[in-house]
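Below is one structure, written out as structure tokens; comments come after it.
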There are 2 protein chains.
Amino acid sequence: MKAVVTVMPKAGVLDPQGRAIGRALSNLGFTGVGEVRAGKVIEVMLDETDAAAALATAEAMAAKLLANPVIESFAVEVVP
Amino acid sequence: MKAVVTVMPKAGVLDPQGRAIGRALSNLGFTGVGEVRAGKVIEVMLDETDAAAALATAEAMAAKLLANPVIESFAVEVVP
């Protein structure tokens with residue numbers, strides 16, 4: 001199964017990368033651009049065939065390594 | 001509306017960040033880990049209220065700035 005972990009900076013945490021992207025979009029002529037947040041997405045192929053077990057494994061991976069729980073929140077999705 | 005742009009390295013493109021994450025997961029004791037791919041997700045708040053127009057704008061943003069079309073593919077999603 002494939003686990004997709006999306007990691008975003010928590011609300012209120014300064015996101016300089018997102019801010020830089022927002023400024024670049026304005027400079028390129030895009031109007032009506034509000035807040036921009038930049039995060040990561042990590043796709044992990046797992047040998048596990050049980051969806052619930054794969055989800056639990058991916059959540060443990062996210063909590064231990066992929067996300068920094070102090071400044072980032074994560075969401076995990078499992079696709080066959 | 002909020003546009004969510006997901007940018008992933010194209011299949012066949014070397015992804016050293018993904019490979020490093022895969023190795024780190026194995027070192028942490030996770031077993032059954034196959035290929036790992038690391039990408040970016042960018043959330044852009046748009047003043048635009050029409051979903052089709054917001055999608056077109058976000059696709060233009062992705063093609064012009066957010067993704068490098070030589071080595072990356074992108075997917076755009078619009079949520080209210």
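Ordering of the structure tokens sets the chain letters (A, B, ...); residue numbers start at 1 within each chain; ligands are numbered from 1 in the order shown.
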Practice task
Tell me the residues of chain B close to chain A, meaning within 6 Å using only C-alpha atoms, as number ranges by chain.
Solution key: B: 32-47
Problem - Spatial neighbours of Val13 of chain B, 10 Å, only C-alpha atoms, chain gap at least 2 places, as a ChimeraX atom specification - result: /B:8-11,15-16,70-72
Print the selection's residues with N, CA and C atoms to a file, as a short mmCIF file (atom, residue, chain, number, x, y, z; two decimals), in the first residue's frame.
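Result went into selection.cif, see below:
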```cif
data_model
loop_
_atom_site.label_atom_id
_atom_site.label_comp_id
_atom_site.auth_asym_id
_atom_site.auth_seq_id
_atom_site.Cartn_x
_atom_site.Cartn_y
_atom_site.Cartn_z
N MET B 8 5.42 16.79 -7.14
CA MET B 8 6.21 15.58 -6.88
C MET B 8 7.29 15.43 -7.95
N PRO B 9 8.43 14.84 -7.58
CA PRO B 9 9.42 14.54 -8.61
C PRO B 9 8.82 13.53 -9.59
N LYS B 10 9.12 13.71 -10.89
CA LYS B 10 8.59 12.78 -11.89
C LYS B 10 9.18 11.39 -11.69
N ALA B 11 8.43 10.37 -12.12
CA ALA B 11 8.94 9.00 -12.05
C ALA B 11 10.24 8.93 -12.83
N ASP B 15 15.56 11.07 -6.55
CA ASP B 15 14.98 11.81 -5.43
C ASP B 15 15.81 11.54 -4.18
N PRO B 16 16.92 12.26 -4.02
CA PRO B 16 17.82 11.98 -2.89
C PRO B 16 17.15 12.21 -1.53
N VAL B 70 10.45 20.26 -15.92
CA VAL B 70 11.44 19.31 -16.44
C VAL B 70 11.53 18.08 -15.54
N ILE B 71 11.51 18.30 -14.24
CA ILE B 71 11.74 17.19 -13.32
C ILE B 71 10.57 16.94 -12.37
N GLU B 72 9.55 17.81 -12.39
CA GLU B 72 8.45 17.67 -11.43
C GLU B 72 7.10 17.66 -12.14
#
```
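Atom pair atom CA of Asn68 of chain B / atom CA of Pro80 of chain B: separated by 26.7 Å.
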Practice task
Check the DSSP output for the backbone and give back, as a ChimeraX atom specification, the residues of chain A in strand (DSSP E or B).
Solution key: /A:2-9,33-46,72-79
Problem - DSSP alpha helix (DSSP H) residues within chain B, listed as an MDAnalysis selection string - result: chainID B and resid 16:27 51:61
Handout entry: Å distance separating atom CA of Phe74 of chain A from atom CA of Ser26 of chain A, one decimal place
Key = 28.1 Å
Handout entry: Test item: residues at most 9 Å from Leu55 of chain A, only C-alpha atoms, excluding those fewer than 4 positions along its chain, as a PyMOL selection string
Key = chain A and resi 3+50-51+59-60+76-78
